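Asker: The following file, protein14.cif, comprises mmCIF, C-alpha atoms:
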```
data_target
loop_
_atom_site.label_atom_id
_atom_site.label_comp_id
_atom_site.auth_asym_id
_atom_site.auth_seq_id
_atom_site.Cartn_x
_atom_site.Cartn_y
_atom_site.Cartn_z
CA MET A 1 39.25 43.28 40.01
CA ARG A 2 39.03 44.03 36.28
CA THR A 3 35.41 45.02 36.63
CA LEU A 4 36.18 47.65 39.22
CA SER A 5 35.08 50.94 37.76
CA PHE A 6 37.44 53.84 37.31
CA ALA A 7 35.07 55.84 39.40
CA VAL A 8 35.81 53.86 42.54
CA MET A 9 39.19 55.55 42.62
CA PHE A 10 37.48 58.89 43.06
CA VAL A 11 34.58 58.01 45.28
CA ALA A 12 35.81 55.08 47.22
CA THR A 13 34.10 55.88 50.49
CA VAL A 14 30.62 56.96 49.41
CA ALA A 15 27.60 54.79 48.80
CA LEU A 16 27.72 53.33 45.33
CA ALA A 17 25.06 53.55 42.66
CA ASP A 18 23.37 50.45 41.45
CA ILE A 19 24.86 48.06 38.97
CA PRO A 20 22.66 45.58 37.12
CA PRO A 21 21.64 42.80 39.50
CA SER A 22 23.73 39.68 39.08
CA ASN A 23 22.41 37.21 36.53
CA SER A 24 19.89 39.70 35.12
CA SER A 25 21.49 40.53 31.77
CA GLN A 26 20.47 37.43 29.82
CA CYS A 27 16.88 37.38 31.05
CA GLY A 28 16.15 40.99 30.11
CA ASN A 29 14.21 40.10 26.96
CA SER A 30 13.18 36.60 27.96
CA GLN A 31 10.14 35.07 29.60
CA ALA A 32 10.01 33.14 32.83
CA GLY A 33 11.21 29.61 32.26
CA ALA A 34 13.52 30.46 29.34
CA ALA A 35 16.95 28.91 29.26
CA CYS A 36 19.88 31.16 30.10
CA THR A 37 23.48 31.19 31.27
CA THR A 38 24.46 32.62 34.65
CA ASP A 39 27.16 35.26 34.96
CA ASP A 40 29.66 32.56 35.91
CA GLY A 41 28.77 30.46 32.87
CA LYS A 42 26.47 27.84 34.33
CA PRO A 43 23.27 26.81 32.52
CA GLY A 44 20.13 28.06 34.19
CA THR A 45 16.52 29.17 33.91
CA CYS A 46 14.99 32.67 34.00
CA LEU A 47 12.91 32.93 37.17
CA LYS A 48 11.06 35.83 38.81
CA GLN A 49 12.94 37.11 41.86
CA MET A 50 12.60 40.17 44.12
CA VAL A 51 15.66 42.46 44.01
CA GLY A 52 16.46 45.89 45.41
CA ARG A 53 17.04 48.62 42.79
CA LEU A 54 17.54 52.35 42.86
CA ASP A 55 14.45 54.32 41.89
CA TYR A 56 15.03 57.74 40.31
CA SER A 57 11.36 58.39 39.57
CA GLU A 58 11.23 61.15 42.20
CA GLY A 59 14.63 62.59 41.38
CA VAL A 60 17.92 62.60 43.23
CA PRO A 61 18.88 61.24 45.64
CA PRO A 62 17.09 58.08 44.49
CA LYS A 63 15.13 55.80 46.75
CA THR A 64 15.58 52.05 46.89
CA LYS A 65 12.65 49.81 46.11
CA GLN A 66 12.05 46.11 45.75
CA VAL A 67 11.09 45.09 42.23
CA GLU A 68 10.34 41.78 40.59
CA MET A 69 12.88 40.83 37.94
CA LEU A 70 13.77 37.84 35.87
CA LEU A 71 17.08 36.44 37.03
CA CYS A 72 19.04 33.52 35.69
CA VAL A 73 19.01 30.88 38.35
CA ALA A 74 21.53 28.06 37.94
CA SER A 75 19.94 24.73 37.35
CA VAL A 76 21.50 21.31 37.13
CA THR A 77 18.99 20.13 34.56
CA ALA A 78 18.60 23.27 32.47
CA ARG A 79 20.57 23.44 29.23
CA SER A 80 21.61 26.86 28.12
CA SER A 81 20.86 27.79 24.56
CA VAL A 82 21.92 31.39 24.98
CA THR A 83 25.08 32.55 23.26
CA ASN A 84 27.08 35.52 24.43
CA SER A 85 25.81 38.30 22.16
CA PRO A 86 24.44 37.17 18.81
CA PRO A 87 22.64 40.44 18.02
CA PHE A 88 25.84 42.40 18.60
CA PHE A 89 27.82 40.03 16.41
CA ALA A 90 25.17 40.23 13.70
CA ALA A 91 25.17 44.02 13.86
CA GLY A 92 28.96 44.12 13.65
CA ALA A 93 29.04 41.68 10.75
CA LEU A 94 26.39 43.70 8.92
CA MET A 95 28.42 46.83 9.42
CA LEU A 96 31.57 45.11 8.22
CA VAL A 97 29.89 44.11 4.98
CA MET A 98 28.34 47.54 4.42
CA LEU A 99 31.51 49.45 5.19
CA GLY A 100 33.46 47.12 2.92
CA LEU A 101 31.11 47.92 0.08
CA ILE A 102 31.24 51.63 0.79
CA VAL A 103 35.02 51.71 1.06
CA THR A 104 35.34 49.80 -2.21
CA LYS A 105 33.01 52.29 -3.85
CA LEU A 106 34.87 55.29 -2.44
CA VAL A 107 38.26 53.96 -3.48
CA SER A 108 37.07 53.25 -7.01
CA ARG A 109 35.53 56.72 -7.20
CA GLY A 110 38.78 58.22 -5.98
CA ARG A 111 40.75 56.34 -8.62
CA ARG A 112 38.35 57.46 -11.31
CA SER A 113 38.56 61.09 -10.26
CA ALA A 114 42.35 60.86 -9.96
CA ALA A 115 42.55 59.38 -13.45
CA ALA A 116 40.31 62.16 -14.77
CA MET B 1 15.87 68.47 -12.61
CA SER B 2 17.24 65.36 -10.91
CA VAL B 3 15.05 62.94 -8.97
CA SER B 4 16.53 64.10 -5.68
CA GLY B 5 16.00 67.71 -6.72
CA ALA B 6 12.35 67.01 -7.50
CA ILE B 7 11.85 65.26 -4.16
CA LEU B 8 13.53 68.04 -2.18
CA ALA B 9 12.04 70.91 -4.20
CA PRO B 10 8.96 71.36 -1.95
CA ALA B 11 11.17 71.55 1.15
CA ASP B 12 13.43 74.07 -0.56
CA SER B 13 10.43 76.13 -1.70
CA LEU B 14 9.04 76.18 1.83
CA ARG B 15 12.38 77.20 3.29
CA SER B 16 12.82 79.85 0.65
CA ALA B 17 9.36 81.28 1.40
CA ILE B 18 10.05 81.35 5.15
CA LEU B 19 13.43 83.02 4.64
CA LYS B 20 11.91 85.56 2.26
CA PHE B 21 9.19 86.41 4.79
CA ALA B 22 11.62 86.64 7.71
CA SER B 23 14.42 88.19 5.66
CA PRO B 24 14.46 91.59 7.38
CA TRP B 25 15.06 89.92 10.74
CA VAL B 26 17.12 86.83 9.92
CA SER B 27 19.31 87.97 7.02
CA PRO B 28 22.00 89.40 9.29
CA LEU B 29 22.05 86.11 11.17
CA PHE B 30 22.49 83.91 8.10
CA ALA B 31 24.54 86.02 5.71
CA ASP B 32 27.88 85.82 7.48
CA ARG B 33 29.26 82.31 8.05
CA GLN B 34 31.18 83.09 11.23
CA ARG B 35 28.21 84.81 12.82
CA ARG B 36 25.87 82.01 11.68
CA VAL B 37 28.07 79.25 13.13
CA TRP B 38 28.44 81.19 16.37
CA TRP B 39 24.75 81.67 17.03
CA LEU B 40 23.87 78.20 15.81
CA GLY B 41 26.45 76.84 18.24
CA MET B 42 25.11 78.91 21.14
CA VAL B 43 21.50 77.99 20.36
CA SER B 44 22.46 74.32 20.05
CA VAL B 45 24.16 74.26 23.45
CA VAL B 46 21.32 76.14 25.16
CA SER B 47 18.71 73.92 23.47
CA ALA B 48 20.60 70.80 24.55
CA PHE B 49 20.61 72.10 28.13
CA VAL B 50 16.88 72.87 28.12
CA VAL B 51 15.92 69.59 26.45
CA THR B 52 18.03 67.73 29.00
CA GLY B 53 16.16 69.50 31.77
CA LEU B 54 12.70 68.88 30.30
CA VAL B 55 12.79 65.45 28.63
CA PRO B 56 16.11 63.74 29.35
CA LEU B 57 14.91 60.16 28.86
CA TRP B 58 13.23 61.00 25.56
CA SER B 59 16.39 62.70 24.38
CA LEU B 60 18.50 59.70 25.41
CA ALA B 61 16.13 57.24 23.75
CA LEU B 62 15.29 59.10 20.53
CA GLY B 63 18.54 60.95 19.88
CA PRO B 64 20.61 57.95 18.74
CA VAL B 65 17.72 56.43 16.80
CA ILE B 66 16.94 59.59 14.80
CA LEU B 67 20.26 61.43 14.62
CA GLY B 68 22.70 58.57 15.15
CA VAL B 69 23.28 57.39 11.58
CA PRO B 70 23.31 60.91 10.02
CA HIS B 71 25.92 61.98 12.57
CA LEU B 72 28.04 58.91 11.75
CA VAL B 73 27.84 59.82 8.06
CA SER B 74 28.97 63.35 8.88
CA ASP B 75 31.72 61.94 11.08
CA VAL B 76 33.16 59.83 8.25
CA ARG B 77 32.58 62.57 5.69
CA TYR B 78 34.55 65.29 7.44
CA LEU B 79 37.19 63.12 9.11
CA VAL B 80 37.94 60.71 6.26
CA VAL B 81 36.35 61.55 2.90
CA ARG B 82 36.89 65.32 2.70
CA PRO B 83 40.57 65.08 3.76
CA LYS B 84 40.79 62.28 1.13
CA LEU B 85 42.18 59.79 3.65
CA HIS B 86 40.13 57.11 1.90
CA LEU B 87 42.47 57.45 -1.06
CA LYS B 88 45.36 56.13 1.06
CA PRO B 89 44.70 52.37 1.04
CA TRP B 90 47.31 51.53 3.70
CA LEU B 91 45.80 54.11 6.05
CA LEU B 92 42.31 52.87 5.33
CA VAL B 93 43.22 49.28 6.16
CA LEU B 94 45.45 49.92 9.17
CA VAL B 95 43.11 52.43 10.82
CA GLY B 96 39.94 50.73 9.66
CA ALA B 97 40.83 47.27 10.93
CA PRO B 98 40.91 48.08 14.66
CA LEU B 99 37.84 50.32 14.28
CA LEU B 100 35.84 47.53 12.66
CA ALA B 101 37.09 45.10 15.28
CA THR B 102 35.55 47.27 18.01
CA SER B 103 32.19 47.08 16.25
CA LEU B 104 32.59 43.29 16.28
CA GLY B 105 33.16 43.29 20.02
CA ALA B 106 36.92 43.80 20.42
CA GLY B 107 38.10 45.54 23.58
CA PRO B 108 38.94 49.25 23.90
CA GLU B 109 42.69 48.60 23.73
CA VAL B 110 42.09 47.50 20.12
CA GLY B 111 40.09 50.67 19.39
CA VAL B 112 42.85 52.99 20.58
CA LEU B 113 45.30 51.04 18.41
CA ALA B 114 43.89 53.06 15.48
CA ILE B 115 45.86 56.04 16.78
CA VAL B 116 49.20 54.50 15.73
CA PRO B 117 48.69 54.17 11.95
CA ALA B 118 46.72 57.43 11.95
CA VAL B 119 49.88 59.41 12.75
CA PHE B 120 52.10 57.62 10.19
CA GLY B 121 53.78 60.17 7.99
CA ALA B 122 53.95 62.87 10.63
CA GLY B 123 57.43 64.31 10.99
CA TRP B 124 59.41 63.65 14.16
CA SER B 125 58.42 66.32 16.68
CA TRP B 126 57.38 66.82 20.29
CA ARG B 127 53.77 66.46 19.10
CA LEU B 128 54.44 62.93 17.92
CA VAL B 129 55.99 62.12 21.29
CA VAL B 130 52.89 63.45 23.05
CA VAL B 131 50.67 61.28 20.85
CA GLY B 132 52.84 58.24 21.63
CA VAL B 133 52.69 58.85 25.36
CA VAL B 134 48.91 59.40 25.26
CA TRP B 135 48.43 56.22 23.23
CA LEU B 136 50.52 54.21 25.71
CA ALA B 137 48.58 55.65 28.64
CA LEU B 138 45.22 54.96 26.98
CA THR B 139 46.27 51.42 26.07
CA ALA B 140 47.40 50.71 29.62
CA ALA B 141 44.15 52.09 31.04
CA ALA B 142 42.06 50.18 28.49
CA TYR B 143 43.91 46.95 29.22
CA LEU B 144 43.92 47.24 33.01
CA GLU B 145 40.40 48.63 33.43
CA PRO B 146 38.43 47.90 30.23
CA LEU B 147 35.03 48.57 31.76
CA GLY B 148 36.11 51.77 33.46
CA PHE B 149 37.87 52.92 30.29
CA GLN B 150 34.84 52.26 28.12
CA LEU B 151 32.56 54.13 30.51
CA ALA B 152 34.92 57.08 30.65
CA PHE B 153 35.29 57.05 26.85
CA VAL B 154 31.52 56.97 26.31
CA HIS B 155 31.32 60.28 28.16
CA ALA B 156 34.57 61.79 26.87
CA HIS B 157 34.04 61.16 23.17
CA ASN B 158 31.20 63.68 23.15
CA VAL B 159 33.74 66.32 24.15
CA ILE B 160 36.31 65.14 21.56
CA ALA B 161 33.83 66.20 18.85
CA VAL B 162 33.69 69.72 20.28
CA MET B 163 37.50 69.82 20.30
CA LEU B 164 37.67 68.65 16.68
CA TRP B 165 35.19 71.34 15.65
CA TRP B 166 37.20 73.93 17.58
CA SER B 167 40.28 72.99 15.56
CA LEU B 168 38.30 73.54 12.33
CA THR B 169 36.43 76.74 13.07
CA SER B 170 37.63 80.33 13.23
CA ARG B 171 38.95 80.46 16.77
CA THR B 172 37.75 83.90 17.76
CA LYS B 173 36.97 85.02 21.30
CA SER B 174 33.24 85.00 20.66
CA MET B 175 33.43 81.52 19.10
CA ALA B 176 35.17 80.28 22.26
CA LEU B 177 31.89 80.88 24.08
CA VAL B 178 30.45 77.74 22.46
CA PRO B 179 32.90 75.25 24.05
CA LEU B 180 32.98 77.32 27.24
CA LEU B 181 29.19 77.21 27.47
CA THR B 182 29.34 73.45 26.86
CA VAL B 183 31.81 72.93 29.69
CA GLY B 184 29.83 75.29 31.93
CA GLY B 185 26.61 73.44 31.18
CA GLY B 186 28.21 70.10 32.01
CA ILE B 187 29.56 71.42 35.31
CA ALA B 188 26.23 73.05 36.18
CA ILE B 189 24.47 69.72 35.64
CA LEU B 190 26.98 67.85 37.80
CA VAL B 191 26.43 70.24 40.73
CA GLY B 192 22.65 69.83 40.45
CA ALA B 193 21.54 72.95 38.60
CA LEU B 194 19.14 70.98 36.41
CA ASP B 195 17.65 68.79 39.16
CA PRO B 196 14.74 71.16 39.95
CA LEU B 197 13.80 71.53 36.26
CA VAL B 198 13.84 67.76 35.69
CA THR B 199 11.68 67.28 38.79
CA TRP B 200 9.28 70.05 37.71
CA SER B 201 8.91 68.57 34.21
CA GLY B 202 8.52 65.03 35.48
CA GLY B 203 11.53 64.10 33.38
CA TRP B 204 12.88 61.50 35.80
CA THR B 205 10.44 59.01 34.27
CA ALA B 206 9.21 58.40 30.72
CA PRO B 207 7.56 54.97 30.61
CA TRP B 208 6.85 55.20 26.87
CA THR B 209 10.55 55.21 26.11
CA GLY B 210 10.80 51.68 27.53
CA THR B 211 13.72 52.71 29.67
CA SER B 212 14.46 54.44 32.96
CA PHE B 213 17.10 56.42 34.77
CA THR B 214 17.95 53.32 36.75
CA GLU B 215 18.85 51.49 33.55
CA PHE B 216 21.01 54.34 32.28
CA VAL B 217 22.74 54.59 35.65
CA GLU B 218 23.40 50.86 35.59
CA SER B 219 24.80 50.96 32.07
CA ILE B 220 26.78 54.21 31.80
CA THR B 221 27.45 55.44 35.35
CA PRO B 222 27.65 52.37 37.61
CA ASN B 223 29.55 52.20 40.89
CA LEU B 224 29.17 55.89 41.65
CA ASP B 225 27.42 57.86 44.34
CA PRO B 226 23.72 57.54 43.35
CA THR B 227 23.12 61.28 43.14
CA LEU B 228 26.27 61.91 41.13
CA ALA B 229 25.43 58.92 38.92
CA GLY B 230 21.99 60.37 38.08
CA ARG B 231 23.50 63.76 37.28
CA LEU B 232 26.19 62.14 35.13
CA VAL B 233 23.41 60.56 33.07
CA LEU B 234 21.94 64.06 32.62
CA SER B 235 25.37 65.38 31.70
CA PHE B 236 25.78 62.58 29.15
CA CYS B 237 22.38 63.46 27.68
CA PHE B 238 23.41 67.13 27.37
CA LEU B 239 26.83 66.39 25.85
CA GLN B 240 25.39 63.82 23.46
CA SER B 241 22.99 66.46 22.11
CA VAL B 242 25.86 68.92 21.70
CA HIS B 243 27.86 66.16 19.99
CA TYR B 244 25.08 65.68 17.43
CA ALA B 245 24.79 69.42 16.87
CA VAL B 246 28.52 69.65 16.23
CA TRP B 247 28.53 66.94 13.55
CA LEU B 248 25.20 67.79 11.93
CA ARG B 249 25.28 71.59 12.04
CA LEU B 250 28.51 73.28 13.06
CA VAL B 251 31.17 71.21 11.27
CA PRO B 252 29.22 71.10 7.95
CA ASP B 253 28.67 74.87 8.09
CA ASP B 254 32.34 75.54 8.80
CA ALA B 255 33.71 73.07 6.26
CA ARG B 256 31.48 74.13 3.36
CA PRO B 257 33.50 75.68 0.51
CA ARG B 258 30.86 78.35 -0.17
CA PRO B 259 30.15 80.55 2.86
CA ALA B 260 26.43 81.02 2.12
CA PRO B 261 23.85 78.42 3.17
CA ARG B 262 22.72 76.11 0.38
CA THR B 263 19.47 74.43 -0.57
CA PHE B 264 18.50 70.92 0.55
CA ALA B 265 18.91 69.74 -3.04
CA ALA B 266 22.42 71.23 -3.22
CA SER B 267 23.28 69.58 0.12
CA TRP B 268 22.15 66.22 -1.23
CA ASP B 269 24.17 66.73 -4.42
CA ALA B 270 27.24 67.53 -2.33
CA LEU B 271 26.71 64.33 -0.34
CA VAL B 272 26.45 62.35 -3.58
CA ALA B 273 29.66 63.97 -4.79
CA ASP B 274 31.45 62.91 -1.59
CA PHE B 275 30.10 59.38 -1.12
CA GLY B 276 28.41 58.31 -4.34
CA LEU B 277 24.73 57.48 -4.64
CA ALA B 278 24.82 53.80 -3.64
CA PRO B 279 26.50 54.31 -0.24
CA LEU B 280 24.16 57.21 0.46
CA LEU B 281 21.13 55.06 -0.24
CA VAL B 282 22.57 52.48 2.19
CA PHE B 283 22.86 55.22 4.83
CA VAL B 284 19.28 56.35 4.18
CA ALA B 285 18.05 52.75 4.41
CA LEU B 286 19.98 52.29 7.65
CA SER B 287 18.43 55.46 9.12
CA LEU B 288 14.93 54.46 8.10
CA GLY B 289 15.46 50.89 9.30
CA LEU B 290 16.58 52.14 12.68
CA ALA B 291 13.55 54.43 12.90
CA VAL B 292 11.20 51.54 12.08
CA TRP B 293 12.99 49.33 14.61
CA GLY B 294 12.60 52.15 17.15
CA ALA B 295 8.87 52.27 16.52
CA PHE B 296 8.65 48.66 17.69
CA SER B 297 11.37 48.68 20.34
CA LEU B 298 13.05 51.95 21.24
CA PRO B 299 15.57 50.40 23.68
CA GLY B 300 16.39 47.65 21.15
CA ALA B 301 16.97 50.13 18.34
CA ARG B 302 19.12 52.29 20.58
CA LEU B 303 21.29 49.37 21.66
CA GLY B 304 21.57 48.15 18.06
CA TYR B 305 22.72 51.58 16.94
CA LEU B 306 25.23 51.86 19.78
CA GLN B 307 26.84 48.60 18.74
CA LEU B 308 27.00 49.77 15.13
CA ALA B 309 28.49 53.07 16.23
CA ALA B 310 31.11 51.60 18.54
CA PHE B 311 33.88 52.49 16.08
CA HIS B 312 33.22 56.19 15.69
CA GLY B 313 34.56 57.40 19.03
CA TYR B 314 37.89 55.74 18.27
CA LEU B 315 37.82 57.19 14.75
CA GLU B 316 37.43 60.67 16.23
CA LEU B 317 40.28 59.96 18.65
CA ALA B 318 42.57 58.66 15.89
CA ILE B 319 41.89 61.62 13.60
CA ALA B 320 42.33 64.06 16.48
CA ALA B 321 45.74 62.46 17.07
CA ARG B 322 46.55 62.74 13.35
CA TRP B 323 45.61 66.42 13.21
CA PHE B 324 47.62 67.11 16.36
CA ALA B 325 50.69 65.22 15.12
CA HIS B 326 50.59 66.90 11.70
#
```
Represent the structure from my file as structure tokens, please.
Answerer:
Amino acid sequence: MRTLSFAVMFVATVALADIPPSNSSQCGNSQAGAACTTDDGKPGTCLKQMVGRLDYSEGVPPKTKQVEMLLCVASVTARSSVTNSPPFFAAGALMLVMLGLIVTKLVSRGRRSAAA
Amino acid sequence: MSVSGAILAPADSLRSAILKFASPWVSPLFADRQRRVWWLGMVSVVSAFVVTGLVPLWSLALGPVILGVPHLVSDVRYLVVRPKLHLKPWLLVLVGAPLLATSLGAGPEVGVLAIVPAVFGAGWSWRLVVVGVVWLALTAAAYLEPLGFQLAFVHAHNVIAVMLWWSLTSRTKSMALVPLLTVGGGIAILVGALDPLVTWSGGWTAPWTGTSFTEFVESITPNLDPTLAGRLVLSFCFLQSVHYAVWLRLVPDDARPRPAPRTFAASWDALVADFGLAPLLVFVALSLGLAVWGAFSLPGARLGYLQLAAFHGYLELAIAARWFAH
């Protein structure tokens, strides 16, 4: 139940807006046939599937239309080579290094100005 | 003349020429700081509303890529550097650690942990008790419903910036119109006031941005009534624009020691005085890098920036708590 949105408390009885289709997140930037990991952690392959999604192109309320998407389909033979979020980790690590440098610089400047 | 002065001289000359030409009309608007901040605030909020109605997806896609890093710099400058909090090493480490952890993927309960060391040193008072209760409530919410908390915080942190500015500025009745107009604009969007304008402008789609309303609904307003979810995306777009205006225009104008506007070269020199040249060049490189990344992949650049910026909402929250407790 941890994934239940706070909003459900307020609009529990109305139709709910879309959430990303299951098993779609890891295939977003991949090509058909790429290795992936399903939402429940099983190795799989990105395959084209038809899914229903909300379509806001004509405004609100949105219509629902069937679109072709790459979804991660569990496969016994496929071996996942996808890690959880390497770009995010890389971005965070980069920021850590840069902020460390900046903080060091600021502290040394502060000490210099305090000494002066 | 310095290198930066030489580079910025043409821009300053152009601005000077425009101001000289328009002086009879615009002088009264610029001369007085309070009046200047007021009308800049009103124009910023109205512009944000109109832009949201005309090109919401472009605003959502380009805003973080172009204005994201400069607004983070302003955030750190006015919340940390100017109050000289960076000269308190224990504060820097204890507040900075949870903030950095959030940029490395830690949960929201870690982000709100920054509130605790931020209020160290505040005398015992009812304000400190309020901060403690709020922190406990936020931690419980973040722990029990991390996704819901993060979604709510993504929307709410835009408003925190307006509150921080309000605590800095001259709180006159006319100045109160800026936050009131912001709240009014948000409510108007939620009840559908902008829907016809977005439909008229064709703003519900913008294929060149590489994104869609559906994707924004799925990422920042999931599990809601579809109509309300779409309008919440519009409201987020509006408040995000106001958030940028607050950090890039209103707070700098209010916090400037000299009431009169200054040249671009003087603004750069003031930035160098606050941060030092090397960190500033890193910020400039980061901004340009993000812009180049955006030219190749706008959604990718936006997501990259959002991960980098994950800390700043919690920084604003922690400093707001510090100001309140002190």
Asker: Decode the PyMOL selection byres ((chain B) within 7 of (chain A)) for the given file into explicit residues and return them as number ranges by chain.
Answerer: B: 86-87, 100, 103-104, 144-145, 147-148, 199, 204-205, 213-214, 218, 222-227, 229-230, 275, 279, 304, 307-308
Asker: Find the spatial neighbours of B:Gly107, counting all atoms listed in the file, within a cut-off of 9 Å - ignore same-chain residues fewer than 4 positions away - and output them as a PDB file with C-alpha atoms, in the coordinates of the input.
Answerer:
```pdb
ATOM      1  CA  ALA B 101      37.090  45.100  15.280  1.00  0.00           C
ATOM      2  CA  THR B 102      35.550  47.270  18.010  1.00  0.00           C
ATOM      3  CA  GLY B 111      40.090  50.670  19.390  1.00  0.00           C
ATOM      4  CA  ALA B 142      42.060  50.180  28.490  1.00  0.00           C
ATOM      5  CA  TYR B 143      43.910  46.950  29.220  1.00  0.00           C
ATOM      6  CA  PRO B 146      38.430  47.900  30.230  1.00  0.00           C
ATOM      7  CA  GLN B 150      34.840  52.260  28.120  1.00  0.00           C
TER       8      GLN B 150
END
```
Asker: What is the atom CA of B:Arg302 to atom CA of B:Ser59 distance in Å?
Answerer: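 Going from atom CA of B:Arg302 over to atom CA of B:Ser59 covers 11.4 Å.
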Asker: So what do you get for atom CA of B:Ser297 versus atom CA of A:Gln31, distance-wise?
Answerer: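 Rounded to one decimal, the two atoms are 16.5 Å apart.
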Asker: Using the chain letters and residue numbers of this document, give as a PDB file with C-alpha atoms, in the frame of the given file the residues selected by the PyMOL selection byres ((chain B and resi 305) around 12).
Answerer:
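Writing done, so here's selection23.pdb:
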```pdb
ATOM      1  CA  PRO A  87      22.640  40.440  18.020  1.00  0.00           C
ATOM      2  CA  PHE A  88      25.840  42.400  18.600  1.00  0.00           C
ATOM      3  CA  ALA A  91      25.170  44.020  13.860  1.00  0.00           C
ATOM      4  CA  GLY A  92      28.960  44.120  13.650  1.00  0.00           C
ATOM      5  CA  LEU A  94      26.390  43.700   8.920  1.00  0.00           C
ATOM      6  CA  MET A  95      28.420  46.830   9.420  1.00  0.00           C
TER       7      MET A  95
ATOM      8  CA  ALA B  61      16.130  57.240  23.750  1.00  0.00           C
ATOM      9  CA  LEU B  62      15.290  59.100  20.530  1.00  0.00           C
ATOM     10  CA  GLY B  63      18.540  60.950  19.880  1.00  0.00           C
ATOM     11  CA  PRO B  64      20.610  57.950  18.740  1.00  0.00           C
ATOM     12  CA  VAL B  65      17.720  56.430  16.800  1.00  0.00           C
ATOM     13  CA  ILE B  66      16.940  59.590  14.800  1.00  0.00           C
ATOM     14  CA  LEU B  67      20.260  61.430  14.620  1.00  0.00           C
ATOM     15  CA  GLY B  68      22.700  58.570  15.150  1.00  0.00           C
ATOM     16  CA  VAL B  69      23.280  57.390  11.580  1.00  0.00           C
ATOM     17  CA  PRO B  70      23.310  60.910  10.020  1.00  0.00           C
ATOM     18  CA  HIS B  71      25.920  61.980  12.570  1.00  0.00           C
ATOM     19  CA  LEU B  72      28.040  58.910  11.750  1.00  0.00           C
ATOM     20  CA  SER B 103      32.190  47.080  16.250  1.00  0.00           C
ATOM     21  CA  LEU B 286      19.980  52.290   7.650  1.00  0.00           C
ATOM     22  CA  SER B 287      18.430  55.460   9.120  1.00  0.00           C
ATOM     23  CA  GLY B 289      15.460  50.890   9.300  1.00  0.00           C
ATOM     24  CA  LEU B 290      16.580  52.140  12.680  1.00  0.00           C
ATOM     25  CA  ALA B 291      13.550  54.430  12.900  1.00  0.00           C
ATOM     26  CA  TRP B 293      12.990  49.330  14.610  1.00  0.00           C
ATOM     27  CA  GLY B 294      12.600  52.150  17.150  1.00  0.00           C
ATOM     28  CA  LEU B 298      13.050  51.950  21.240  1.00  0.00           C
ATOM     29  CA  PRO B 299      15.570  50.400  23.680  1.00  0.00           C
ATOM     30  CA  GLY B 300      16.390  47.650  21.150  1.00  0.00           C
ATOM     31  CA  ALA B 301      16.970  50.130  18.340  1.00  0.00           C
ATOM     32  CA  ARG B 302      19.120  52.290  20.580  1.00  0.00           C
ATOM     33  CA  LEU B 303      21.290  49.370  21.660  1.00  0.00           C
ATOM     34  CA  GLY B 304      21.570  48.150  18.060  1.00  0.00           C
ATOM     35  CA  LEU B 306      25.230  51.860  19.780  1.00  0.00           C
ATOM     36  CA  GLN B 307      26.840  48.600  18.740  1.00  0.00           C
ATOM     37  CA  LEU B 308      27.000  49.770  15.130  1.00  0.00           C
ATOM     38  CA  ALA B 309      28.490  53.070  16.230  1.00  0.00           C
ATOM     39  CA  ALA B 310      31.110  51.600  18.540  1.00  0.00           C
ATOM     40  CA  PHE B 311      33.880  52.490  16.080  1.00  0.00           C
ATOM     41  CA  HIS B 312      33.220  56.190  15.690  1.00  0.00           C
TER      42      HIS B 312
END
```
Asker: When you draw a straight line from atom CA of B:Val45 to atom CA of B:Ile160, how long is it in Å?
Answerer: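 Between atom CA of B:Val45 and atom CA of B:Ile160 the gap works out to 15.3 Å.
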Asker: So, with all atoms listed in the file as the atoms that count, which of B:Tyr244, B:Phe149, B:Trp126, B:Trp200 lies closest to B:His326?
Answerer: B:Trp126
Asker: Using all atoms listed in the file, can you tell me which of B:Leu281, B:Val95, B:Ala11, B:Ala6 comes closest to B:Phe264?
Answerer: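 Checking each of B:Leu281, B:Val95, B:Ala11, B:Ala6 against B:Phe264, counting all atoms listed in the file, the winner is B:Ala11.
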